[in-house]
Amino acid sequence: MSAGDFGTIGVAMVTPFAPDGSLDLDKAAELGVHLADKGVDCLVLAGTTGESPTTQPAEKLEVFGAVRDAVGGRVKLVAGVGTYDTAESVEFAQDAQKAGADGLLVVTPYYSKPPQAGLLAHFTAVADGTDLPVMVYDIPPRSVVDVADETMLRLAEHPNIVAVKDAKGDLTAGAEMIAATGLDYYSGDDGLNLPWFAVGAVGCVSVIGHLVADRLRDMHLAVGNGDLDKARDLNLSMVPLYRAMGRLGGVTMVKASLRILGLDVGDPRLPQVSADGPQIEALLVDLREAGLV
């Protein structure tokens, strides 16, 4: 369970916004330092939780630059560059490399529902576009189309495609792919972090890691050391956070929680919305149960 090109405990970092909805680059730098201090060794910027659909390419690069200047060298910095347009994804990947990215997160093209041949060509084109290591993000609940096992086997032949962020939740297939491909698998679903670690994932790309990165690291280490009782206890302590994220969605839950805990990163951009009064009251119950307030 050694760290790969993308570290072990990653966080899909939210994008901070000022009250007027513009980027808050100082807060982005502050949040990056906070997470690095908490034991995160990989930050994924401009991913789903970073509100990539509602931030422009230039904004994404601005955030990346601010975080790079604040924590560069301390953690792996990964740029989310996947879109439903292959040419745009390749161009953004090249821009990210110039900006100093350590790796790329490339999501399955969404909305257009390409066939497996299209997925293979898309991921290959992005991987060909730079020298950076690529993490394939397989998330059919959002993209509709999943990356079939046969396609993943083909992708694993590319020297730059080295990792998978799995939000498909098929642990049986995942364990087989880990053994068959040598790809580094990362849990992309916080509620499944523990079983993913158990079947051989090298780490996670987490949302709740904004709040409990230390527990995730301890759970990862416990599994590696064979201390499953400790790992189960740590996982149980985070169940209230899984619950809250399921109700509110990752962006809203994290931004509301960080505000409660004293690190205000602003509100989401529409069509995501902030938590309302009753939702915040319910979130407070979960945060108390998780021992955070």
# chains A, B, ... in the order shown; residues from 1 in each chain; ligands from 1
>>> residues_around(residues="segment 260-274 of chain A", least_positions_apart="6", cutoff="10 Å", atoms="only C-alpha atoms", output="PyMOL selection string")
chain A and resi 14-24+27-28+30-31+34+49-51+53-55+211+248-249+251-254+280+283-284+287+292-293
>>> write_last_selection(atoms="N, CA, C and O atoms", output="compact mmCIF listing (two decimals), in the first residue's frame")
# COMPACT_ATOMS: atom_id res chain seq x y z
N VAL A 14 -12.29 22.04 -2.42
CA VAL A 14 -13.29 23.01 -2.84
C VAL A 14 -12.60 24.27 -3.35
O VAL A 14 -11.45 24.56 -3.01
N THR A 15 -13.30 25.02 -4.17
CA THR A 15 -12.80 26.30 -4.67
C THR A 15 -13.42 27.42 -3.85
O THR A 15 -14.64 27.59 -3.86
N PRO A 16 -12.60 28.19 -3.13
CA PRO A 16 -13.15 29.28 -2.31
C PRO A 16 -13.60 30.46 -3.17
O PRO A 16 -12.93 30.84 -4.14
N PHE A 17 -14.73 31.03 -2.79
CA PHE A 17 -15.27 32.21 -3.46
C PHE A 17 -15.48 33.33 -2.45
O PHE A 17 -15.82 33.10 -1.30
N ALA A 18 -15.29 34.56 -2.94
CA ALA A 18 -15.58 35.76 -2.14
C ALA A 18 -17.09 35.98 -2.10
O ALA A 18 -17.85 35.34 -2.84
N PRO A 19 -17.58 36.89 -1.25
CA PRO A 19 -19.02 37.13 -1.17
C PRO A 19 -19.66 37.53 -2.49
O PRO A 19 -20.85 37.25 -2.70
N ASP A 20 -18.90 38.16 -3.38
CA ASP A 20 -19.47 38.54 -4.68
C ASP A 20 -19.41 37.44 -5.71
O ASP A 20 -19.79 37.63 -6.87
N GLY A 21 -18.94 36.25 -5.32
CA GLY A 21 -18.89 35.12 -6.22
C GLY A 21 -17.59 34.97 -6.99
O GLY A 21 -17.40 33.98 -7.70
N SER A 22 -16.68 35.92 -6.84
CA SER A 22 -15.38 35.82 -7.52
C SER A 22 -14.46 34.87 -6.75
O SER A 22 -14.74 34.49 -5.60
N LEU A 23 -13.36 34.49 -7.38
CA LEU A 23 -12.39 33.63 -6.71
C LEU A 23 -11.80 34.32 -5.50
O LEU A 23 -11.55 35.53 -5.51
N ASP A 24 -11.55 33.55 -4.45
CA ASP A 24 -10.82 34.04 -3.28
C ASP A 24 -9.50 33.28 -3.24
O ASP A 24 -9.39 32.21 -2.64
N LYS A 27 -7.80 32.70 0.18
CA LYS A 27 -8.43 31.62 0.95
C LYS A 27 -8.07 30.26 0.36
O LYS A 27 -7.93 29.27 1.10
N ALA A 28 -7.91 30.19 -0.96
CA ALA A 28 -7.48 28.93 -1.58
C ALA A 28 -6.10 28.54 -1.07
O ALA A 28 -5.85 27.37 -0.75
N GLU A 30 -4.78 29.49 1.78
CA GLU A 30 -4.93 29.15 3.20
C GLU A 30 -5.47 27.75 3.37
O GLU A 30 -5.00 26.98 4.23
N LEU A 31 -6.47 27.40 2.58
CA LEU A 31 -7.05 26.06 2.68
C LEU A 31 -6.03 24.99 2.28
O LEU A 31 -5.94 23.94 2.91
N HIS A 34 -3.72 24.52 5.15
CA HIS A 34 -4.43 23.84 6.23
C HIS A 34 -4.50 22.33 5.97
O HIS A 34 -4.23 21.53 6.88
N THR A 49 -15.76 18.43 -6.76
CA THR A 49 -15.94 19.17 -5.53
C THR A 49 -15.35 20.57 -5.63
O THR A 49 -15.72 21.46 -4.87
N GLY A 50 -14.44 20.77 -6.57
CA GLY A 50 -13.91 22.10 -6.85
C GLY A 50 -14.79 22.92 -7.76
O GLY A 50 -14.39 23.99 -8.21
N GLU A 51 -15.99 22.40 -8.04
CA GLU A 51 -16.99 23.09 -8.87
C GLU A 51 -16.46 23.37 -10.28
O GLU A 51 -16.64 24.44 -10.85
N PRO A 53 -17.54 22.46 -13.17
CA PRO A 53 -18.48 22.88 -14.22
C PRO A 53 -18.78 24.37 -14.24
O PRO A 53 -19.23 24.90 -15.25
N THR A 54 -18.56 25.06 -13.10
CA THR A 54 -18.93 26.47 -13.02
C THR A 54 -17.74 27.39 -12.80
O THR A 54 -17.89 28.55 -12.43
N THR A 55 -16.53 26.87 -13.04
CA THR A 55 -15.34 27.71 -13.05
C THR A 55 -14.72 27.66 -14.44
O THR A 55 -14.65 26.60 -15.05
N LEU A 211 -12.19 17.65 6.46
CA LEU A 211 -12.53 17.73 7.87
C LEU A 211 -11.77 16.73 8.72
O LEU A 211 -11.50 17.01 9.90
N LEU A 248 -26.56 16.47 1.61
CA LEU A 248 -26.31 17.82 1.11
C LEU A 248 -25.51 17.86 -0.18
O LEU A 248 -25.52 18.88 -0.88
N GLY A 249 -24.80 16.79 -0.50
CA GLY A 249 -23.84 16.85 -1.59
C GLY A 249 -22.50 17.35 -1.08
O GLY A 249 -22.43 18.09 -0.09
N VAL A 251 -20.05 19.48 -2.17
CA VAL A 251 -19.68 20.90 -2.16
C VAL A 251 -20.39 21.64 -1.03
O VAL A 251 -19.77 22.35 -0.23
N THR A 252 -21.70 21.49 -0.94
CA THR A 252 -22.48 22.20 0.06
C THR A 252 -22.10 21.76 1.47
O THR A 252 -21.95 22.59 2.38
N MET A 253 -21.94 20.46 1.65
CA MET A 253 -21.61 19.95 2.98
C MET A 253 -20.25 20.46 3.45
O MET A 253 -20.10 20.92 4.60
N VAL A 254 -19.25 20.42 2.57
CA VAL A 254 -17.91 20.84 2.98
C VAL A 254 -17.86 22.33 3.24
O VAL A 254 -17.30 22.79 4.25
N ILE A 280 -28.39 23.23 8.17
CA ILE A 280 -27.23 23.53 9.01
C ILE A 280 -27.42 22.94 10.41
O ILE A 280 -26.48 22.40 11.00
N LEU A 283 -26.70 19.38 10.10
CA LEU A 283 -25.26 19.20 9.91
C LEU A 283 -24.52 19.34 11.23
O LEU A 283 -23.57 18.60 11.51
N LEU A 284 -24.95 20.27 12.05
CA LEU A 284 -24.31 20.44 13.37
C LEU A 284 -24.43 19.18 14.20
O LEU A 284 -23.50 18.80 14.91
N LEU A 287 -21.80 16.83 12.84
CA LEU A 287 -20.46 17.25 13.21
C LEU A 287 -20.18 16.98 14.68
O LEU A 287 -19.05 16.57 15.05
N LEU A 292 -16.35 16.73 15.88
CA LEU A 292 -15.66 17.87 15.29
C LEU A 292 -16.06 19.20 15.93
O LEU A 292 -15.36 20.20 15.80
N VAL A 293 -17.24 19.25 16.59
CA VAL A 293 -17.65 20.44 17.32
C VAL A 293 -18.18 19.99 18.68
O VAL A 293 -18.54 18.83 18.87
>>> residues_around(residues="Tyr242 of chain A", least_positions_apart="6", cutoff="9 Å", atoms="only C-alpha atoms", output="tab-separated table (two decimals) with N, CA and C atoms, in the first residue's frame")
chain	number	residue	atom	x	y	z
A	190	ASP	N	-16.19	8.20	-0.29
A	190	ASP	CA	-15.71	8.15	1.10
A	190	ASP	C	-16.31	7.01	1.90
A	191	GLY	N	-17.57	6.68	1.66
A	191	GLY	CA	-18.19	5.60	2.41
A	191	GLY	C	-17.58	4.24	2.13
A	208	ILE	N	-14.60	14.27	2.51
A	208	ILE	CA	-14.60	14.51	3.95
A	208	ILE	C	-13.18	14.72	4.49
>>> select_by_dssp(residues="segment 21-258 of chain A", states="helix (DSSP H, G or I)", output="ChimeraX atom specification")
/A:25-37,52-54,57-71,86-98,116-129,140-143,149-155,171-181,190-199,209-224,228-248,250-258
>>> closest_residue(among="A:Asp138, A:Ala290, A:Cys42, A:Glu59", to="Val212 of chain A", atoms="only C-alpha atoms")
A:Ala290
>>> select_by_dssp(residues="segment 61-231 of chain A", states="strand (DSSP E or B)", output="ChimeraX atom specification")
/A:72,75-80,103-107,134-138,161-166,184-187,203-206
>>> residues_around(residues="segment 93-106 of chain A", least_positions_apart="6", cutoff="8 Å", atoms="only C-alpha atoms", output="list of chain:residue names")
A:Asp5, A:Phe6, A:Val44, A:Gly47, A:Leu61, A:Phe64, A:Gly65, A:Arg68, A:Lys76, A:Leu77, A:Val78, A:Ala79, A:Gly80, A:Val81, A:Gly82, A:Thr83, A:Phe123, A:Val126, A:Gly129, A:Thr130, A:Leu132, A:Pro133, A:Val134, A:Met135, A:Val136, A:Tyr137
